[in-house]
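**Q** Quick one: structure below, then a few questions.
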Amino acid sequence: MRYQNTYAHLDPRLYHKQPPTPLKNPRVGHFNRQVAEQLGWTDDADLMARWVDILGGHYVPEDFEPLAMAYAGHQFGQWAGQLGDGRGLLMAQVLDNHDTLQDLHLKGIGLTPYSRMGDGRAVLRSTIREYLCGHALNQLDIPSSNALGFVVSDTPVRRERMEPGAALMRVADSHIRLGHIEWIASFAPDLLAEFTNYMIDTYYPECRDSDKPVLAFLQKVVERTARMIADWQLIGFAHGVMNTDNLSITGSTLDFGPFGFMERFNPAWINNHSDHTGRYAYQNQPAIGYWNLNVWLPHFMRLTEAGVTKEALADCLAPYEATFMQHYQQGLCRKLGLPHQPDSLKLAFEFLSLLEDNLLDYTNSFRALLGLIDSESYAYEKQLLTAIVNELPPEALSAFQDWRKRYLAQIETLPKEEVLDSLKNNNPVYVLRNSMAQRAITAAEQGQFEEVERLYQLLANPYNVQDIATDLDSSVPAADAPQTPISCSS
Ligand code: AMP
Ligand code: MG
């Protein structure tokens with residue numbers, strides 16, 4: 001691998017260098033060959049032979065420089081002070097086969113100075129959820145961390161019950177969170193300029209072409225965050241815990257805990273059962289992204305020499321809403337196979353209202369649009385459509401028939417193949433429903449990892465109907481079924 005451990009050479013106040021604390025008897029959970037190839041991991045016989053030892057904390061390759069990062073954050077809207085890597089270590093940074101710098105971060109690997117009251121461990125349940133979700137989002141083309149693999153172990157970990165300890169080698173284009181700047185502002189303000197330069201040079205070098213690189217960088221962070229959240233809304237993803245310590249400065253999805261994919265469409269849906277006020281409800285995500293950036297940006301006021309003023313920061317944040325709206329609305333039109341224009345949007349919002357009024361499944365309903373188009377193919381989608389139509393009460397059915405007539409009239413004016421491609425490539429067949437992850441977890445807790453492998457394969461190709469799928473992969477919970485409890489506990 002092409003190591004480039006730059007973080008380990010920044011000011012030592014920013015981290016604590018230490019090795020991982022080994023897990024007892026680590027064993028194979030799953031290995032992501034695609035990510036391994038991307039990193040160049042597969043070219044190194046030693047890494048390939050000893051990956052379980054490495055992920056289990058028994059062996060630290062010579063080129064790794066493990067460290068726990070310090071950061072801070074606002075959690076559920078409150079200043080939480082110092083946080084930091086309490087159970088994960090940045091193990092190494094490498095240039096991948098696209099020359100993009102990637103962090104290898106081992107999560108679940110023991111106590112650090114930032115562990116606070118925690119035990120430094122991660123349970124198998126949350127490790128599998130993070131592993132499959134990072135993979136799912138990557139394959140859906142949504143910026144996100146991914147993982148090289150995970151191991152399970154005999155180290156017992158206490159949560160609501162005793163659970164097996166596990167470790168995940170997370171791979172992300174950065175582990176610098178908005179909360180890093182909050183930490184610097186509180187605990188080492190003299191580092192702000194140097195650290196900002198590091199972020200620009202490492203992650204946003206194109207901003208050096210601007211006459212005010214710091215402002216250009218901040219604008220880019222705002223833009224990427226807005227786009228990432230638009231991607232989440234379009235796919236029906238709720239992150240669950242959008243604290244400032246869980247948002248990356250690269251606009252990549254980071255830190256999977258109580259996340260979920262929307263099933264029966266309800267904009268006010270709260271997946272995280274620890275979120276009693278619904279702060280991180282699905283429909284609040286765009287506003288929370290803005291809130292987070294709004295508490296983050298003022299820290300850069302210190303950089304007066306870089307041209308940062310209150311007004312300039314307001315100008316950086318101002319485009320957030322328009323960027324989000326543009327990306328979201330374009331995406332919504334693509335999900336209908338229509339051009340981005342007002343009458344398409346009207347149809348899209350009416351469709352969402354139909355889903356909401358009748359609690360229809362978000363993923364299946366969008367995919368079922370393919371079943372409306374006169375075509376020999378798409379038998380699966382026609383079945384989905386039939387199931388949805390059968391579920392509708394009479395008034396809703398006539399509203400749907402009316403909508404369908406107007407939708408098909410629009411479609412008729414467009415090249416059919418383009419419409420089909422757009423529908424097919426923007427509406428996945430498979431997302432990681434909580435129930436799917438749960439089945440894989442239950443089996444894995446009995447030592448069976450075949451279901452993790454099957455879901456890995458299924459989610460590798462989310463836009464195609466697959467033979468390895470079962471009805472459960474697209475089945476929708478009953479409208480009155482209690483939600484699977486998903487909490488912050490991990
Ligand atoms: P999270 O809710 O996973 O984003 O974590 C918030 C903070 O708590 C971070 O500083 C984590 O490193 C820390 N943390 C979470 N779980 C543990 C744990 N089991 N042991 C130590 N620190 C933890
Ligand atoms: Mg976190």
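FYI, nothing fancy with the structure tokens labels: chains A, B, ... in order, residues from 1 per chain, ligands from 1 as they appear.
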For the helix (DSSP H, G or I) assignment from backbone DSSP, which residues of stretch 149-394 of chain A qualify? Please present them as a ChimeraX atom specification.
**A** /A:178-187,189-203,205-209,213-235,244-246,282-302,304-306,310-317,319-336,342-357,362-372,379-391,394
**Q** List as a ChimeraX atom specification the protein and nucleic acid residues near A:Pro415, meaning an atom at most 12 Å away when only C-alpha atoms are counted, but skip any in the same chain fewer than 4 places from it.
**A** /A:337-339,410-411,419-422
**Q** What lies within 8 Å of A:Ala437 using only C-alpha atoms, ignoring chain neighbours under 3 positions off, as a PyMOL selection string?
**A** chain A and resi 128-129+132+432-434+440-441
**Q** Mind writing the picked residues with N, CA and C atoms as a tab-separated table (two decimals), in the first residue's frame?
**A**
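Result file follows (selection-v3.tsv):
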chain	number	residue	atom	x	y	z
A	128	ILE	N	-21.85	-5.11	12.32
A	128	ILE	CA	-22.46	-5.61	11.08
A	128	ILE	C	-23.32	-4.52	10.43
A	129	ARG	N	-24.05	-3.80	11.25
A	129	ARG	CA	-24.87	-2.71	10.68
A	129	ARG	C	-23.99	-1.69	9.98
A	132	LEU	N	-22.44	-3.25	6.66
A	132	LEU	CA	-23.35	-3.39	5.52
A	132	LEU	C	-23.86	-2.04	5.02
A	432	LEU	N	-30.83	-1.47	2.75
A	432	LEU	CA	-30.61	-2.26	3.96
A	432	LEU	C	-31.72	-1.96	4.96
A	433	ARG	N	-32.81	-2.69	4.85
A	433	ARG	CA	-33.90	-2.51	5.82
A	433	ARG	C	-33.42	-3.02	7.18
A	434	ASN	N	-33.92	-2.41	8.25
A	434	ASN	CA	-33.50	-2.84	9.59
A	434	ASN	C	-33.71	-4.33	9.80
A	440	ALA	N	-29.29	-10.91	9.59
A	440	ALA	CA	-27.86	-11.23	9.44
A	440	ALA	C	-27.17	-11.24	10.81
A	441	ILE	N	-27.59	-10.32	11.67
A	441	ILE	CA	-26.99	-10.23	13.01
A	441	ILE	C	-27.35	-11.46	13.85
**Q** Please identify every polymer residue within 6 Å of ligand 2, using only C-alpha atoms and all ligand atoms, and present the set as a list in words.
**A**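 Using only C-alpha atoms and all ligand atoms, everything at most 6 Å from ligand 2 comes to Asp245, Asn246 and Asp255 of chain A.
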**Q** Please report the interatomic distance between atom CA of A:Thr386 and atom CA of A:Lys346 in Å with one decimal.
**A**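 Computed distance, atom CA of A:Thr386 to atom CA of A:Lys346, equals 24.1 Å.
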**Q** If you measure from atom CA of A:Ala443 to atom CA of A:Arg27, what distance in Å do you get, rounded to one decimal?
**A**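 We find that atom CA of A:Ala443 and atom CA of A:Arg27 lie 15.2 Å from each other.
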**Q** Give the residues close to ligand 1, within 6 Å, counting only C-alpha atoms and all ligand atoms; write them as a list in words.
**A**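 Going residue by residue within 6 Å of ligand 1, we get Leu83, Gly84, Asp85, Gly86, Arg87, Ser115, Gly118, Asp119, Gly120, Arg121, Ala122 and Asn246 of chain A.
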**Q** Any chance you could export the current selection's N, CA, C and O atoms as a compact mmCIF listing (two decimals), in the first residue's frame?
**A**
# COMPACT_ATOMS: atom_id res chain seq x y z
N LEU A 83 -14.57 15.06 23.13
CA LEU A 83 -14.98 13.68 22.86
C LEU A 83 -13.72 12.95 22.38
O LEU A 83 -12.83 12.71 23.18
N GLY A 84 -13.63 12.66 21.13
CA GLY A 84 -12.42 12.01 20.59
C GLY A 84 -12.67 10.53 20.34
O GLY A 84 -13.71 9.98 20.68
N ASP A 85 -11.68 9.89 19.70
CA ASP A 85 -11.79 8.45 19.40
C ASP A 85 -11.74 7.68 20.72
O ASP A 85 -10.66 7.45 21.28
N GLY A 86 -12.89 7.24 21.19
CA GLY A 86 -12.95 6.55 22.47
C GLY A 86 -12.83 5.05 22.33
O GLY A 86 -12.69 4.33 23.32
N ARG A 87 -12.95 4.57 21.09
CA ARG A 87 -12.85 3.12 20.90
C ARG A 87 -12.32 2.78 19.51
O ARG A 87 -12.46 1.64 19.05
N SER A 115 -11.89 7.77 26.04
CA SER A 115 -12.98 6.80 26.19
C SER A 115 -14.07 7.26 27.15
O SER A 115 -15.16 6.69 27.17
N GLY A 118 -16.87 4.94 28.54
CA GLY A 118 -17.06 3.76 27.67
C GLY A 118 -16.01 2.69 27.90
O GLY A 118 -15.02 2.89 28.62
N ASP A 119 -16.23 1.55 27.30
CA ASP A 119 -15.33 0.40 27.47
C ASP A 119 -14.38 0.22 26.30
O ASP A 119 -13.60 -0.74 26.26
N GLY A 120 -14.47 1.08 25.31
CA GLY A 120 -13.55 1.00 24.17
C GLY A 120 -13.91 -0.07 23.16
O GLY A 120 -13.15 -0.31 22.21
N ARG A 121 -15.04 -0.70 23.34
CA ARG A 121 -15.39 -1.82 22.46
C ARG A 121 -16.61 -1.52 21.60
O ARG A 121 -17.37 -0.58 21.87
N ALA A 122 -16.80 -2.37 20.59
CA ALA A 122 -17.98 -2.30 19.73
C ALA A 122 -18.57 -3.70 19.67
O ALA A 122 -17.82 -4.69 19.66
N ASN A 246 -20.17 13.70 14.30
CA ASN A 246 -20.42 12.60 13.36
C ASN A 246 -20.53 13.08 11.92
O ASN A 246 -20.90 12.30 11.05
**Q** Could you please write out, as a list in words, every residue of stretch 151-309 of chain A that DSSP assigns to strand (DSSP E)?
**A**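 Written out, the strand (DSSP E) residues of stretch 151-309 of chain A are Val151, Val152, Ser153, Asp154, Thr155, Pro156, Val157, Arg158, Met162, Glu163, Pro164, Gly165, Ala166, Ala167, Leu168, Met169, Arg170, Val171, Ala172, Phe237, Ala238, Gly260 and Phe261 of chain A.
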**Q** List as a CSV table (one decimal) with N, CA and C atoms, in the first residue's frame the protein and nucleic acid residues near A:Ala478, meaning an atom at most 10 Å away when only C-alpha atoms are counted, but skip any in the same chain fewer than 5 places from it.
**A**
chain,number,residue,atom,x,y,z
A,264,ARG,N,-42.3,2.4,5.3
A,264,ARG,CA,-43.5,3.1,5.0
A,264,ARG,C,-43.3,4.6,5.2
A,359,LEU,N,-49.2,5.5,3.7
A,359,LEU,CA,-48.1,4.8,4.4
A,359,LEU,C,-47.5,3.7,3.5
A,483,GLN,N,-42.0,-0.7,15.5
A,483,GLN,CA,-40.7,-0.5,14.8
A,483,GLN,C,-39.6,-1.3,15.5
**Q** Which residues come within 12 Å of A:Leu455, counting only C-alpha atoms, excluding same-chain residues fewer than 3 positions away, as an mmCIF file with N, CA, C and O atoms, in the first residue's frame?
**A**
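Result file is part-v6.cif:
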data_model
loop_
_atom_site.group_PDB
_atom_site.id
_atom_site.type_symbol
_atom_site.label_atom_id
_atom_site.label_comp_id
_atom_site.auth_asym_id
_atom_site.auth_seq_id
_atom_site.Cartn_x
_atom_site.Cartn_y
_atom_site.Cartn_z
ATOM 1 N N HIS A 30 -16.222 -10.744 7.928
ATOM 2 C CA HIS A 30 -16.325 -10.610 6.473
ATOM 3 C C HIS A 30 -15.173 -9.746 5.976
ATOM 4 O O HIS A 30 -14.704 -8.873 6.699
ATOM 5 N N ILE A 128 -21.852 -5.106 12.317
ATOM 6 C CA ILE A 128 -22.463 -5.613 11.077
ATOM 7 C C ILE A 128 -23.316 -4.522 10.427
ATOM 8 O O ILE A 128 -23.287 -4.329 9.210
ATOM 9 N N ARG A 129 -24.049 -3.796 11.247
ATOM 10 C CA ARG A 129 -24.874 -2.712 10.680
ATOM 11 C C ARG A 129 -23.986 -1.686 9.977
ATOM 12 O O ARG A 129 -24.273 -1.252 8.861
ATOM 13 N N TYR A 131 -20.965 -2.106 8.818
ATOM 14 C CA TYR A 131 -20.297 -2.739 7.676
ATOM 15 C C TYR A 131 -21.213 -2.775 6.449
ATOM 16 O O TYR A 131 -20.833 -2.363 5.353
ATOM 17 N N LEU A 132 -22.438 -3.248 6.660
ATOM 18 C CA LEU A 132 -23.349 -3.394 5.519
ATOM 19 C C LEU A 132 -23.856 -2.041 5.024
ATOM 20 O O LEU A 132 -24.075 -1.853 3.829
ATOM 21 N N CYS A 133 -24.019 -1.104 5.926
ATOM 22 C CA CYS A 133 -24.562 0.190 5.499
ATOM 23 C C CYS A 133 -23.531 0.988 4.707
ATOM 24 O O CYS A 133 -23.864 1.607 3.687
ATOM 25 N N HIS A 135 -21.211 -0.198 2.893
ATOM 26 C CA HIS A 135 -21.188 -0.876 1.594
ATOM 27 C C HIS A 135 -22.410 -0.462 0.763
ATOM 28 O O HIS A 135 -22.288 -0.083 -0.409
ATOM 29 N N ALA A 136 -23.590 -0.514 1.393
ATOM 30 C CA ALA A 136 -24.833 -0.190 0.673
ATOM 31 C C ALA A 136 -24.769 1.236 0.111
ATOM 32 O O ALA A 136 -25.060 1.457 -1.065
ATOM 33 N N TYR A 430 -33.101 -2.806 -3.747
ATOM 34 C CA TYR A 430 -32.741 -3.248 -2.391
ATOM 35 C C TYR A 430 -32.054 -2.126 -1.618
ATOM 36 O O TYR A 430 -31.119 -1.496 -2.119
ATOM 37 N N VAL A 431 -32.519 -1.901 -0.413
ATOM 38 C CA VAL A 431 -31.784 -1.083 0.551
ATOM 39 C C VAL A 431 -31.634 -1.952 1.801
ATOM 40 O O VAL A 431 -32.244 -3.017 1.888
ATOM 41 N N LEU A 432 -30.831 -1.467 2.747
ATOM 42 C CA LEU A 432 -30.614 -2.261 3.957
ATOM 43 C C LEU A 432 -31.725 -1.964 4.963
ATOM 44 O O LEU A 432 -31.591 -1.078 5.805
ATOM 45 N N ARG A 433 -32.815 -2.689 4.850
ATOM 46 C CA ARG A 433 -33.904 -2.513 5.818
ATOM 47 C C ARG A 433 -33.417 -3.017 7.181
ATOM 48 O O ARG A 433 -32.618 -3.960 7.244
ATOM 49 N N SER A 435 -34.815 -4.846 9.252
ATOM 50 C CA SER A 435 -35.112 -6.273 9.454
ATOM 51 C C SER A 435 -34.084 -7.158 8.743
ATOM 52 O O SER A 435 -33.745 -8.238 9.225
ATOM 53 N N MET A 436 -33.573 -6.687 7.597
ATOM 54 C CA MET A 436 -32.561 -7.475 6.880
ATOM 55 C C MET A 436 -31.271 -7.535 7.695
ATOM 56 O O MET A 436 -30.682 -8.601 7.891
ATOM 57 N N ALA A 437 -30.846 -6.373 8.174
ATOM 58 C CA ALA A 437 -29.626 -6.326 8.995
ATOM 59 C C ALA A 437 -29.823 -7.222 10.218
ATOM 60 O O ALA A 437 -28.919 -7.979 10.601
ATOM 61 N N GLN A 438 -31.014 -7.162 10.801
ATOM 62 C CA GLN A 438 -31.261 -7.920 12.026
ATOM 63 C C GLN A 438 -31.157 -9.423 11.789
ATOM 64 O O GLN A 438 -30.610 -10.149 12.622
ATOM 65 N N ARG A 439 -31.649 -9.892 10.647
ATOM 66 C CA ARG A 439 -31.544 -11.330 10.367
ATOM 67 C C ARG A 439 -30.078 -11.757 10.234
ATOM 68 O O ARG A 439 -29.678 -12.816 10.720
ATOM 69 N N ALA A 440 -29.293 -10.913 9.589
ATOM 70 C CA ALA A 440 -27.863 -11.234 9.438
ATOM 71 C C ALA A 440 -27.174 -11.237 10.809
ATOM 72 O O ALA A 440 -26.297 -12.064 11.079
ATOM 73 N N ILE A 441 -27.592 -10.324 11.674
ATOM 74 C CA ILE A 441 -26.992 -10.225 13.013
ATOM 75 C C ILE A 441 -27.346 -11.462 13.848
ATOM 76 O O ILE A 441 -26.476 -12.056 14.491
ATOM 77 N N PHE A 449 -22.141 -16.661 9.195
ATOM 78 C CA PHE A 449 -21.929 -15.389 8.500
ATOM 79 C C PHE A 449 -22.399 -15.406 7.047
ATOM 80 O O PHE A 449 -22.154 -14.477 6.299
ATOM 81 N N GLU A 450 -23.098 -16.488 6.656
ATOM 82 C CA GLU A 450 -23.536 -16.587 5.261
ATOM 83 C C GLU A 450 -24.527 -15.480 4.902
ATOM 84 O O GLU A 450 -24.557 -15.010 3.766
ATOM 85 N N GLU A 451 -25.336 -15.088 5.862
ATOM 86 C CA GLU A 451 -26.335 -14.052 5.568
ATOM 87 C C GLU A 451 -25.655 -12.683 5.382
ATOM 88 O O GLU A 451 -26.098 -11.876 4.572
ATOM 89 N N VAL A 452 -24.576 -12.446 6.119
ATOM 90 C CA VAL A 452 -23.813 -11.213 5.899
ATOM 91 C C VAL A 452 -23.273 -11.231 4.468
ATOM 92 O O VAL A 452 -23.379 -10.239 3.727
ATOM 93 N N LEU A 458 -25.967 -8.876 -2.383
ATOM 94 C CA LEU A 458 -27.227 -8.250 -2.808
ATOM 95 C C LEU A 458 -27.059 -6.727 -2.919
ATOM 96 O O LEU A 458 -27.446 -6.106 -3.907
ATOM 97 N N LEU A 459 -26.439 -6.141 -1.894
ATOM 98 C CA LEU A 459 -26.313 -4.683 -1.839
ATOM 99 C C LEU A 459 -25.207 -4.179 -2.755
ATOM 100 O O LEU A 459 -25.115 -2.980 -3.023
ATOM 101 N N ALA A 460 -24.392 -5.100 -3.251
ATOM 102 C CA ALA A 460 -23.357 -4.711 -4.222
ATOM 103 C C ALA A 460 -24.008 -4.301 -5.542
ATOM 104 O O ALA A 460 -23.410 -3.603 -6.354
ATOM 105 N N ASN A 461 -25.240 -4.707 -5.749
ATOM 106 C CA ASN A 461 -25.941 -4.470 -7.002
ATOM 107 C C ASN A 461 -27.372 -4.019 -6.735
ATOM 108 O O ASN A 461 -28.324 -4.688 -7.134
ATOM 109 N N PRO A 462 -27.515 -2.880 -6.079
ATOM 110 C CA PRO A 462 -28.846 -2.546 -5.548
ATOM 111 C C PRO A 462 -29.882 -2.210 -6.619
ATOM 112 O O PRO A 462 -31.074 -2.233 -6.342
ATOM 113 N N GLN A 466 -32.277 -9.527 -8.274
ATOM 114 C CA GLN A 466 -31.284 -10.599 -8.213
ATOM 115 C C GLN A 466 -31.861 -11.932 -7.769
ATOM 116 O O GLN A 466 -32.770 -11.971 -6.940
ATOM 117 N N ILE A 468 -30.402 -14.080 -5.884
ATOM 118 C CA ILE A 468 -30.100 -14.423 -4.490
ATOM 119 C C ILE A 468 -31.054 -13.741 -3.505
ATOM 120 O O ILE A 468 -30.974 -13.960 -2.305
ATOM 121 N N ALA A 469 -31.944 -12.906 -4.031
ATOM 122 C CA ALA A 469 -32.882 -12.209 -3.131
ATOM 123 C C ALA A 469 -33.973 -13.160 -2.655
ATOM 124 O O ALA A 469 -34.297 -14.137 -3.328
ATOM 125 N N THR A 470 -34.512 -12.856 -1.488
ATOM 126 C CA THR A 470 -35.705 -13.575 -1.023
ATOM 127 C C THR A 470 -36.810 -12.523 -0.864
ATOM 128 O O THR A 470 -36.529 -11.317 -0.878
ATOM 129 N N LEU A 472 -38.196 -11.622 1.653
ATOM 130 C CA LEU A 472 -37.973 -10.804 2.854
ATOM 131 C C LEU A 472 -37.134 -9.555 2.560
ATOM 132 O O LEU A 472 -37.197 -8.577 3.299
ATOM 133 N N ASP A 473 -36.344 -9.598 1.486
ATOM 134 C CA ASP A 473 -35.484 -8.455 1.176
ATOM 135 C C ASP A 473 -36.275 -7.239 0.699
ATOM 136 O O ASP A 473 -35.747 -6.125 0.668
#
